[in-house]
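Some notes on the structure that comes next.
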Amino acid sequence: MNNSLMKSLTAILATTSLFAAAPVLLGAPAGSEKFLALLKAAEKPGAYEDDIYAGIYNQQTGILFDRKTGNLAGLFGKEGWVSASNLSPQGSPISPLWLAEILVPANDKPQAADSRSFAPSEVRATANDAGATVRLAWNAVSIGGQQFPLEIQASLTPADPGVRWTGSVPNDPKNPFSIWSVSFPVIAAPVYDDADSNRIVLPVRRGVLRPYGTQEPRASVALPYPGPSAKFQFMAPYGVVTKKGLYYGVEDGNGFSKVFHSTNEPERRSVVVRVEHLPADRAIPGTGFTSPYEVVTTPLQGDWWTAARIYRNWWVQQVWASKGLLQDRKDLPDEFKNAPASLRFSTSKPSRTIANNVAAGAAISDFLKRRPFFGIWYAPFGEKVGKSEEGLMDTGHGHVQPVSQEVREALKTLADRDLSFLAYLQSMIYDAKFPGTPAEDIAQAQANATKDQRGGIIYYGTEKPESGKYAMNRGSDWWQQRIMAMARVAVKSGFRGVYLDSFGKGEAENFAKLPGQSAGGGNQVIADQRRMAQNILNAMHETDPDAVLSAEDPVEAFRDLVQVNLYALNSYNHYVPIYRTVWGDYSLGYGRNIRMTDATKDNIAEMGRLFIDGDVLGRFFCDGSEKLWTNPEERAEEKRYLLK
C-alpha cells in the first residue's frame, strides 16, 4: 500500500468511533434541573421562569436564557443534551447574544456595541397551546452618544424542533443615525467531540466541511450572501462521533443581504456562529431594522447531510423550486437535460479562430457518437478589428453588436450535429471607452452605474477609473434594456440562448437610490437580478420560446430562472455536496473546466466527482484541440474514462 493511500485511510479511520477518544458533551448550566425535567416530560409548549432563568420548551426542544444578562444559557435537545450555550461551564460569557452597528453619516464609519454592555429591561417567557415565546428587550442601547431600543424574540411551535428568532431595532426618522447592521442570534456551539472530529458545514460554493475545535487555530470566516462564495443560507457545527450538533439556518425566500460569520474559539471550546443582517436604506439617517425573515436554530442529531435535508425541507417550498424537478421541467430542452458534456468556444483573441473551434466541436461530437449537447461561446459579437488582441471584441460590454455571418454559418453547421450554443454576455460591465461610443450613452451609463456612499461611480471588480469599466446598477431599466437587446441579437442569430457572466451573486453595494431602490442593504441585489433574468427570458422568447438562460454559479435564488448553472470550481479542499443534497434534482449544473492536457493532471478525478454529483461534464476547451479528439493515443486513459 502506498504512503498517500495509507495516510488517507488513517485520516478516515481517525473520525470513527473505533479510533476516536470518548466524547464529553457540555453539561447543562447550574440550576437548570427543573427546566430540563419539564422539557423531558413535555406534551405541549410551555414557559418557565425563576429568579435566574427564563425559557420555553416543546416536545422536542428547549431554550433557556439568563435573566440578568439576556444571554443564551442553553439550547437543549429533548433528553437535555446541550446543543449550544453562550456561557462556559464556569458561567462566564463566551459570546454576546447580539451585536449592533450604527452609522452617523458625518463620521463615515460605523460604531459598534454588543449585549454584554447592557442589561436587558425585560426577559419574559409566555406559552399557550399554539406555541411559546421568550421576549428579550433592551430599552436603551447606547452607541456613540446615540440611543435606541432593541428587541429579540425566540419562539417554538408545538411540532417544530427549531427555535425561530426575529428581532427589531426601531429608529426615529428624525434621528441623525441609521442602524447599519445588527447580528443575532450570536450562538456558541461547543466542542461536541474531544477528539479531532468536530466539523462545521459552511455556505461556501457547493458546500464546505471544515474542522473546528481545540486542535484548530482561532480563526474567523465572513461570507456575504448573496456573494461569490455564499450560495445557500445555513451552517451546522457537529461532532462526527456523537452525531450531536447545531443547525443554524435562515429562512429567507426573498434574498435579503446578510453576512454569515463563524469563529473558532479553541480556548473556549466552541465555534461561534451568527448572521449579520443588513437593513434596507442603511445609509439613510433614521433607518431602523425589523426582521423580514426568521433565523432557525435546531438541536442537530446527525451530520452535514442531516442539516442539508432540514434546509431542503424549507427550500423546496420557495419560488426557486417552483419549476419542479429537473426531469419534469418544461422550460429546459431535452438536449440540455441529457447532455453528456459541455463545450467552451472562445473567439476573444485572433488565435482563437472560428474554424478551429468548429473543428474541435465536430471532433468531440464524433467522439461522443453525435449525442446532442451544448456549449458556451465566449466573445461571439462584433467583427474582427485589425490586429486587435480582442479578436471579436469580448462581448461588447453594454454595446449592442452584431453577430458576424461567419459565426452564424458556424452555428448552422454545429446545429446539424445537434450542438446548441449559448452566447456569452457580461451582465455588469459597461465599457465607457468602447470605440465610437456616443457622449449621450456615456452620460446615461454614468447615471445608471453603481454608486458608493459619496455618489462616486464604482468600477468593475478591481478595475481602476482609467479602465472605463463601470459596474452597472442591474436594477436600472436603461441597463436592462441594453442587455435584453444583446440577448435578442444572439437568439435571432442562431444562438439557443445566453450565458450571463458575473450574474446571480453579490455585487458592490449600491447607494445610488434610483426610484424603487434602497440605499444599501435590503434585498435589492437579488430582486434586481431576478427581474433582469425574467426580462432577458421574455426578450429571447419573442424569437425562440425554448431559449435558455445560463449563468456563472448563481446563488440558490435563481434556480427557477437560470436553467443551466456553471460551477465556479469543479473541486476544492473540504468539499461536501450540499447542492446535490438540497437542490440537485431541481437544477442543472455543469462543471467548469476539463482541459485534457498536461496542465491539468486530475481530469479523471474531476470527471468522477461531477458524474457522482449528477452534473454535466465539462467545460471542454475547443480552440485548437481537434487533434486531441481525433488521435486515439492522446489522453487515452482520460478519454476511455469519459466514454465509460
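Residues in the C-alpha cells are numbered from 1 in each chain, the chains being A, B, ... in the order shown, and ligands are numbered from 1 in the order shown.
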Go through region 506-598 of chain A residue by residue and, counting only C-alpha atoms, keep those with an atom at most 12 Å from region 159-179 of chain A; for each kept residue give the shortest atom pair and its distance in Å to one decimal, ordered by chain and increasing number, as a tab-separated table.
```
residue	atom	partner	partner_atom	distance
A:Ala519	CA	A:Ser178	CA	11.5
A:Gly520	CA	A:Ser178	CA	11.6
A:Gly521	CA	A:Ile179	CA	10.7
```
Generate a file of the selected residues that holds N, CA and C atoms, formatted as an mmCIF file, in the first residue's frame.
```cif
data_model
loop_
_atom_site.group_PDB
_atom_site.id
_atom_site.type_symbol
_atom_site.label_atom_id
_atom_site.label_comp_id
_atom_site.auth_asym_id
_atom_site.auth_seq_id
_atom_site.Cartn_x
_atom_site.Cartn_y
_atom_site.Cartn_z
ATOM 1 N N ALA A 519 -31.037 52.460 -0.569
ATOM 2 C CA ALA A 519 -29.650 52.923 -0.467
ATOM 3 C C ALA A 519 -28.899 51.931 0.405
ATOM 4 N N GLY A 520 -28.424 50.862 -0.210
ATOM 5 C CA GLY A 520 -27.710 49.829 0.515
ATOM 6 C C GLY A 520 -28.645 48.856 1.208
ATOM 7 N N GLY A 521 -28.121 47.670 1.538
ATOM 8 C CA GLY A 521 -28.852 46.675 2.309
ATOM 9 C C GLY A 521 -30.095 46.154 1.606
#
```
For this session: Write out as a list in words the residues lying within 6 Å of region 216-222 of chain A, counting only C-alpha atoms and excluding same-chain residues fewer than 6 positions away.
Result: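 Non-adjacent residues within range: Phe260, His261, Ser262, Thr263, Asn264 and Glu265 of chain A.
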Using only C-alpha atoms, find each residue in region 564-592 of chain A having at least one atom no more than 10 Å away from region 300-305 of chain A; report its shortest atom-to-atom pair and that distance in Å (one decimal), rows by chain then rising number, as a Markdown table.
```
| residue | atom | partner | partner_atom | distance |
| --- | --- | --- | --- | --- |
| A:Val576 | CA | A:Trp304 | CA | 8.3 |
| A:Pro577 | CA | A:Trp305 | CA | 8.8 |
| A:Ile578 | CA | A:Trp305 | CA | 7.8 |
| A:Thr581 | CA | A:Trp305 | CA | 7.2 |
| A:Val582 | CA | A:Trp305 | CA | 9.2 |
```
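Candidate residues A:Ala73, A:Val295, A:Val498, A:Val201 were compared for distance to Gly375 (chain A), and the nearest is A:Val498, using only C-alpha atoms.
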Exercise. What residues in region 298-489 of chain A get the DSSP label alpha helix (DSSP H)? Please answer as a ChimeraX atom specification.
Worked result: /A:304-315,334-337,354-367,405-415,439-447,477-489
Problem set entry | DSSP-assigned strand (DSSP E) among region 88-199 of chain A, expressed as a ChimeraX atom specification | /A:99-103,111-114,122-128,131-143,146-156,163-169,178-183,187-190,198-199
Problem set entry | Among listed residues A:Tyr575, A:Glu406, A:Ala432, A:His277, nearest Arg210 (chain A) (using only C-alpha atoms) |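 Closest residue, counting only C-alpha atoms: A:Tyr575.
You can rank A:Tyr430, A:Trp320, A:Trp315, A:Trp98 by their closest distance to Ala137 (chain A) using only C-alpha atoms, and at the top of that list sits A:Trp98.
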With the cut-off set at 9 Å and counting only C-alpha atoms, tabulate each residue of region 89-203 of chain A with an atom at most that distance from an atom of region 36-60 of chain A, showing the nearest atom pair and its distance in Å to one decimal, ordered by chain and increasing number, as CSV.
```
residue,atom,partner,partner_atom,distance
A:Val123,CA,A:Ala54,CA,6.8
A:Arg124,CA,A:Ala54,CA,6.5
A:Ala125,CA,A:Ala47,CA,5.5
A:Thr126,CA,A:Ala47,CA,5.3
A:Ala127,CA,A:Gly46,CA,5.3
A:Asn128,CA,A:Pro45,CA,6.7
A:Asp129,CA,A:Pro45,CA,6.4
A:Ala130,CA,A:Pro45,CA,7.6
A:Gly131,CA,A:Pro45,CA,5.4
A:Ala132,CA,A:Pro45,CA,5.8
A:Thr133,CA,A:Ile56,CA,6.6
A:Val134,CA,A:Gly55,CA,6.5
A:Ala154,CA,A:Ile56,CA,8.7
A:Ser155,CA,A:Ile56,CA,7.8
A:Leu156,CA,A:Asn58,CA,6.8
A:Thr157,CA,A:Pro45,CA,7.0
A:Pro158,CA,A:Pro45,CA,5.7
A:Ala159,CA,A:Gln59,CA,7.3
A:Asp160,CA,A:Gln60,CA,7.6
A:Pro161,CA,A:Gln60,CA,5.3
A:Gly162,CA,A:Gln60,CA,8.7
```
Problem set entry | Shell of 6 Å around region 462-475 of chain A, only C-alpha atoms, local chain residues under 2 positions omitted, as a PyMOL selection string | chain A and resi 428-433+448-450+458-460+528
Would you export the selected residues with N, CA and C atoms as a PDB file, in the first residue's frame, please?
```pdb
ATOM      1  N   MET A 428     -22.687  42.929 -16.106  1.00  0.00           N
ATOM      2  CA  MET A 428     -22.460  44.090 -15.246  1.00  0.00           C
ATOM      3  C   MET A 428     -21.593  45.186 -15.868  1.00  0.00           C
ATOM      4  N   ILE A 429     -20.644  44.810 -16.724  1.00  0.00           N
ATOM      5  CA  ILE A 429     -19.661  45.795 -17.185  1.00  0.00           C
ATOM      6  C   ILE A 429     -20.217  46.671 -18.299  1.00  0.00           C
ATOM      7  N   TYR A 430     -20.012  47.981 -18.150  1.00  0.00           N
ATOM      8  CA  TYR A 430     -20.203  48.916 -19.264  1.00  0.00           C
ATOM      9  C   TYR A 430     -18.839  49.507 -19.590  1.00  0.00           C
ATOM     10  N   ASP A 431     -18.436  49.393 -20.860  1.00  0.00           N
ATOM     11  CA  ASP A 431     -17.142  49.900 -21.306  1.00  0.00           C
ATOM     12  C   ASP A 431     -17.304  51.312 -21.846  1.00  0.00           C
ATOM     13  N   ALA A 432     -16.942  52.291 -21.016  1.00  0.00           N
ATOM     14  CA  ALA A 432     -17.085  53.700 -21.418  1.00  0.00           C
ATOM     15  C   ALA A 432     -16.066  54.096 -22.471  1.00  0.00           C
ATOM     16  N   LYS A 433     -15.076  53.226 -22.741  1.00  0.00           N
ATOM     17  CA  LYS A 433     -14.050  53.539 -23.737  1.00  0.00           C
ATOM     18  C   LYS A 433     -14.230  52.722 -25.012  1.00  0.00           C
ATOM     19  N   ASN A 448     -26.564  55.574 -14.475  1.00  0.00           N
ATOM     20  CA  ASN A 448     -27.119  54.275 -14.105  1.00  0.00           C
ATOM     21  C   ASN A 448     -26.070  53.295 -13.570  1.00  0.00           C
ATOM     22  N   ALA A 449     -24.893  53.794 -13.278  1.00  0.00           N
ATOM     23  CA  ALA A 449     -23.852  52.949 -12.693  1.00  0.00           C
ATOM     24  C   ALA A 449     -24.079  52.792 -11.194  1.00  0.00           C
ATOM     25  N   THR A 450     -23.471  51.771 -10.611  1.00  0.00           N
ATOM     26  CA  THR A 450     -23.499  51.595  -9.162  1.00  0.00           C
ATOM     27  C   THR A 450     -22.691  52.710  -8.507  1.00  0.00           C
ATOM     28  N   ILE A 458     -18.721  53.210  -9.057  1.00  0.00           N
ATOM     29  CA  ILE A 458     -17.945  52.034  -8.677  1.00  0.00           C
ATOM     30  C   ILE A 458     -17.554  51.306  -9.957  1.00  0.00           C
ATOM     31  N   TYR A 459     -16.276  50.933 -10.037  1.00  0.00           N
ATOM     32  CA  TYR A 459     -15.768  50.261 -11.228  1.00  0.00           C
ATOM     33  C   TYR A 459     -15.767  48.754 -11.016  1.00  0.00           C
ATOM     34  N   TYR A 460     -15.815  48.025 -12.107  1.00  0.00           N
ATOM     35  CA  TYR A 460     -15.979  46.572 -12.047  1.00  0.00           C
ATOM     36  C   TYR A 460     -14.786  45.903 -11.370  1.00  0.00           C
ATOM     37  N   ASP A 528     -33.334  42.840  -8.064  1.00  0.00           N
ATOM     38  CA  ASP A 528     -32.989  43.451  -9.352  1.00  0.00           C
ATOM     39  C   ASP A 528     -32.545  42.403 -10.363  1.00  0.00           C
TER      40      ASP A 528
END
```
For this session: In Å, rounded to a single decimal, give me how far CA of Val548 (chain A) is from CA of Asp441 (chain A).
Result: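 Rounded to one decimal, the two atoms are 28.9 Å apart.
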